[in-house]
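Asker: Take a look at query24.txt, compact mmCIF, C-alpha atoms:
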```txt
# COMPACT_ATOMS: atom_id res chain seq x y z
CA MET A 604 90.92 15.18 89.25
CA ARG A 605 87.59 15.04 87.49
CA LEU A 606 84.79 12.72 86.52
CA THR A 607 84.68 11.48 82.96
CA LEU A 608 81.48 11.34 80.92
CA ARG A 609 81.11 7.74 82.08
CA GLY A 610 81.54 8.91 85.69
CA TRP A 611 78.85 11.57 85.34
CA THR A 612 76.53 8.94 83.83
CA VAL A 613 77.04 6.79 86.93
CA VAL A 614 76.27 9.79 89.19
CA VAL A 615 73.07 10.53 87.25
CA ALA A 616 72.04 6.86 87.39
CA VAL A 617 72.60 6.79 91.17
CA VAL A 618 70.61 10.02 91.69
CA VAL A 619 67.72 8.75 89.55
CA ALA A 620 67.74 5.37 91.30
CA VAL A 621 67.75 7.00 94.76
CA ALA A 622 64.88 9.30 93.73
CA LEU A 623 62.88 6.33 92.44
CA SER A 624 63.63 4.28 95.56
CA TRP A 625 62.47 7.16 97.77
CA GLY A 626 59.17 7.27 95.90
CA PHE A 627 58.55 3.57 95.31
CA GLY A 628 60.69 1.68 97.82
CA PRO A 629 64.37 0.77 97.86
CA ARG A 630 64.20 -3.00 97.45
CA ALA A 631 64.92 -3.55 93.76
CA LEU A 632 66.96 -0.40 93.20
CA ASN A 633 69.56 -1.19 95.87
CA ALA A 634 70.97 -3.75 93.44
CA ILE A 635 71.84 -0.84 91.12
CA VAL A 636 72.77 1.94 93.54
CA VAL A 637 75.15 0.11 95.88
CA PRO A 638 77.47 -1.39 93.23
CA LEU A 639 77.64 1.91 91.31
CA VAL A 640 78.50 3.87 94.45
CA VAL A 641 81.16 1.30 95.42
CA ILE A 642 82.76 1.41 91.96
CA LEU A 643 82.72 5.23 91.92
CA LEU A 644 84.26 5.48 95.39
CA ALA A 645 86.90 2.87 94.53
CA GLY A 646 87.84 4.88 91.44
CA LEU A 647 88.08 8.10 93.47
CA VAL A 648 90.31 6.45 96.07
CA LYS A 649 92.55 4.89 93.40
CA ILE A 650 93.08 8.21 91.60
CA ILE A 651 93.63 10.18 94.83
CA ARG A 652 96.30 7.69 95.92
CA THR A 653 98.09 7.73 92.55
CA ASP A 654 101.46 9.46 92.76
CA ARG A 655 102.77 11.73 90.03
CA PRO A 656 104.66 9.59 87.47
CA ARG A 657 108.32 10.49 86.92
CA ILE A 658 109.50 11.04 83.36
CA ASP A 659 112.91 11.05 81.72
CA ARG A 660 113.18 12.37 78.17
CA GLN A 661 115.95 10.92 76.04
CA SER A 662 117.88 13.33 73.83
CA ILE A 663 117.07 13.38 70.12
CA SER A 664 119.94 13.33 67.65
CA GLU A 665 120.20 16.13 65.12
CA GLY A 666 119.47 15.50 61.45
CA PHE A 667 118.67 16.91 58.03
CA ILE A 668 115.32 17.93 56.56
CA GLY A 669 113.35 14.88 55.41
CA GLU A 670 114.85 12.47 57.95
CA GLN A 671 113.05 10.86 60.88
CA ARG A 672 114.10 10.58 64.50
CA ARG A 673 112.76 8.45 67.34
CA VAL A 674 111.41 10.16 70.46
CA GLU A 675 111.68 8.13 73.68
CA VAL A 676 110.16 9.05 77.02
CA ALA A 677 110.79 6.79 80.02
CA ILE A 678 107.92 6.87 82.52
CA GLU A 679 108.24 5.48 86.04
CA THR A 680 105.19 4.79 88.19
CA GLY A 681 104.69 3.30 91.63
CA GLY A 682 102.24 0.67 90.40
CA PRO A 683 100.00 -0.28 87.50
CA ILE A 684 97.78 2.55 86.24
CA ALA A 685 95.74 3.04 83.09
CA ALA A 686 97.09 6.11 81.32
CA THR A 687 96.96 8.16 78.15
CA VAL A 688 100.30 9.80 77.32
CA ARG A 689 100.24 12.83 74.98
CA ASP A 690 103.36 14.60 73.74
CA THR A 691 103.39 17.85 71.78
CA VAL A 692 105.39 18.09 68.56
CA GLY A 693 106.60 21.63 67.83
CA ASP A 694 106.56 23.60 64.58
CA GLY A 695 109.03 22.36 61.99
CA LEU A 696 108.47 18.75 63.05
CA SER A 697 105.77 16.27 62.14
CA SER A 698 104.78 13.06 63.80
CA THR A 699 104.41 10.00 61.61
CA ALA A 700 101.76 8.73 64.02
CA GLU A 701 99.79 10.54 66.67
CA PRO A 702 102.18 11.03 69.61
CA VAL A 703 99.65 9.47 71.95
CA ALA A 704 99.89 6.19 73.80
CA GLU A 705 96.95 4.65 75.62
CA THR A 706 98.57 2.06 77.82
CA THR A 707 98.82 0.56 81.26
CA LEU A 708 101.90 1.94 82.95
CA ASP A 709 103.49 -0.48 85.39
CA GLY A 710 106.84 0.39 86.94
CA ASP A 711 109.22 1.52 84.19
CA GLU A 712 107.71 1.95 80.73
CA THR A 713 109.10 3.64 77.63
CA VAL A 714 106.80 5.41 75.17
CA THR A 715 108.29 5.83 71.69
CA TYR A 716 107.19 7.41 68.42
CA ASP A 717 108.86 8.90 65.33
CA VAL A 718 109.01 12.54 64.23
CA GLY A 719 109.79 13.82 60.77
CA LEU A 720 112.23 16.71 60.44
CA GLU A 721 110.40 19.22 58.22
CA ALA A 722 112.07 22.63 58.57
CA ARG A 723 115.58 23.75 59.44
CA GLY A 724 116.33 25.30 62.80
CA ARG A 725 116.09 24.48 66.46
CA HIS A 726 112.75 22.90 67.37
CA ARG A 727 111.22 21.37 70.50
CA VAL A 728 109.34 18.20 71.38
CA GLY A 729 107.11 18.59 74.41
CA PRO A 730 105.49 19.42 76.80
CA LEU A 731 104.04 16.08 77.85
CA SER A 732 100.79 15.27 79.64
CA ILE A 733 99.76 12.02 81.29
CA VAL A 734 96.09 11.37 82.06
CA VAL A 735 95.60 8.51 84.51
CA SER A 736 92.23 6.92 85.11
CA ASP A 737 90.71 4.19 87.20
CA VAL A 738 90.16 0.75 85.70
CA VAL A 739 86.54 1.41 84.77
CA GLY A 740 87.23 4.92 83.44
CA LEU A 741 84.98 6.90 85.78
CA VAL A 742 87.59 9.27 87.26
CA GLU A 743 90.71 10.75 85.70
CA ARG A 744 93.60 12.95 86.76
CA ARG A 745 95.96 14.95 84.52
CA PHE A 746 99.67 15.45 85.14
CA GLU A 747 101.46 18.12 83.08
CA TYR A 748 105.23 18.19 82.45
CA GLU A 749 106.76 21.38 81.05
CA GLU A 750 110.10 19.77 80.15
CA THR A 751 110.93 19.80 76.43
CA THR A 752 113.62 18.21 74.28
CA PRO A 753 115.47 20.26 71.64
CA VAL A 754 115.88 18.97 68.09
CA LEU A 755 118.37 20.56 65.71
CA VAL A 756 117.48 20.28 62.01
CA TYR A 757 120.05 21.11 59.34
CA PRO A 758 119.12 22.45 55.88
CA ARG A 759 119.08 20.19 52.82
CA VAL A 760 122.44 19.42 51.29
CA HIS A 761 122.75 20.16 47.58
CA GLU A 762 125.63 18.81 45.56
CA LEU A 763 127.39 21.44 43.52
CA GLY A 764 129.10 20.85 40.13
CA SER A 765 132.46 19.19 39.65
CA GLY A 766 134.62 22.31 39.25
CA PRO A 767 134.88 25.88 40.56
CA ALA A 768 133.20 27.31 37.43
CA ASP A 769 130.22 24.96 37.81
CA ASP A 770 129.98 25.84 41.50
CA LEU A 771 129.94 29.56 40.70
CA ARG A 772 127.25 29.10 37.99
CA ALA A 773 125.10 27.04 40.37
CA LEU A 774 125.33 29.69 43.07
CA THR A 775 124.53 32.58 40.72
CA GLY A 776 121.92 30.72 38.66
CA VAL A 777 123.71 31.38 35.33
CA ALA A 778 123.34 28.64 32.71
CA ASP A 779 125.68 27.79 29.83
```
Go ahead and render the structure in this file as structure tokens.

Answerer:
Amino acid sequence: MRLTLRGWTVVVAVVVAVALSWGFGPRALNAIVVPLVVILLAGLVKIIRTDRPRIDRQSISEGFIGEQRRVEVAIETGGPIAATVRDTVGDGLSSTAEPVAETTLDGDETVTYDVGLEARGRHRVGPLSIVVSDVVGLVERRFEYEETTPVLVYPRVHELGSGPADDLRALTGVAD
């Protein structure tokens, strides 16, 4: 759990306002200090009470180079939370869009995105991280998940000639 830049700005504003109120009187500055402290404490309590979301990765079907596959991650939370979900795409794969979702998770949510199959072999999607924050964005907490999903990518398929002689020439690179 940590304060965001916005959270540190609130802390600095509270410290400056308290210092000014100590020197010049607290009357006008209480209107700034008290609401900021209440919002910061509410954010801290909300993030401390947030349980670790449960995830379930769906399997990804195998394919050939140049194809695309959909990645689906089901996320289950105990209540509504503002979250940023980041998933790592391994070597040999490319994401058509950034595999990041900034969303409000409420109960059961599914995050989906597409990956392009770029190189043959066995590749991995994951690990996943979920960063939850309070409503105002003052405090955040990161949850890391080491689970990955394998993706099997087959090489390109090339059509050979119509007969055995054409097939042999294509394999050896001999032309007529």

Asker: Could you give me, as a short mmCIF file (atom, residue, chain, number, x, y, z; two decimals) with C-alpha atoms, keeping the file's coordinate frame, the residues that have an atom at most 9 Å away from the point (114.4, 22.9, 64.5) in the coordinates of the file, using all atoms listed in the file?

Answerer:
```cif
data_model
loop_
_atom_site.label_atom_id
_atom_site.label_comp_id
_atom_site.auth_asym_id
_atom_site.auth_seq_id
_atom_site.Cartn_x
_atom_site.Cartn_y
_atom_site.Cartn_z
CA GLU A 665 120.20 16.13 65.12
CA GLY A 693 106.60 21.63 67.83
CA ASP A 694 106.56 23.60 64.58
CA GLY A 695 109.03 22.36 61.99
CA LEU A 696 108.47 18.75 63.05
CA LEU A 720 112.23 16.71 60.44
CA GLU A 721 110.40 19.22 58.22
CA ALA A 722 112.07 22.63 58.57
CA ARG A 723 115.58 23.75 59.44
CA GLY A 724 116.33 25.30 62.80
CA ARG A 725 116.09 24.48 66.46
CA HIS A 726 112.75 22.90 67.37
CA ARG A 727 111.22 21.37 70.50
CA PRO A 753 115.47 20.26 71.64
CA VAL A 754 115.88 18.97 68.09
CA LEU A 755 118.37 20.56 65.71
CA VAL A 756 117.48 20.28 62.01
CA TYR A 757 120.05 21.11 59.34
#
```

Asker: If we count all atoms listed in the file and set the cut-off at 6 Å, which residues sit around stretch 669-681 of chain A, ignoring sequence neighbours fewer than 5 positions away in its own chain? Please answer as a list of chain:residue names.

Answerer: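 Listing them by chain and then by number gives A:Pro656, A:Arg657, A:Ile658, A:Asp659, A:Arg660, A:Gln661, A:Gly710, A:Asp711, A:Glu712, A:Thr713, A:Val714, A:Thr715, A:Tyr716, A:Asp717, A:Val718, A:Gly719, A:Leu720, A:Glu721.
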
Asker: Using all atoms listed in the file - which residues lie no farther than 9 Å from the point (79.7, 8.6, 88.0) in the file's frame? Write them as a list in words.

Answerer: Leu606, Thr607, Leu608, Arg609, Gly610, Trp611, Thr612, Val613, Val614, Val615, Ala616, Val617, Leu639, Val640, Ile642, Leu643, Leu741 and Val742 of chain A

Asker: Mind giving me the straight-line distance from atom CA of A:Thr751 to atom CA of A:Ser697 in Å, one decimal?

Answerer: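 Computed distance, atom CA of A:Thr751 to atom CA of A:Ser697, equals 15.6 Å.
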
Asker: For a test of reading the model, state the distance in Å between atom CA of A:Lys649 and atom CA of A:Leu632, rounded to one decimal.

Answerer: 26.1 Å

Asker: Record the distance separating atom CA of A:Pro758 and atom CA of A:Ile663, expressed in Å with one decimal.

Answerer: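 Computing it gives 17.0 Å between the two atoms.
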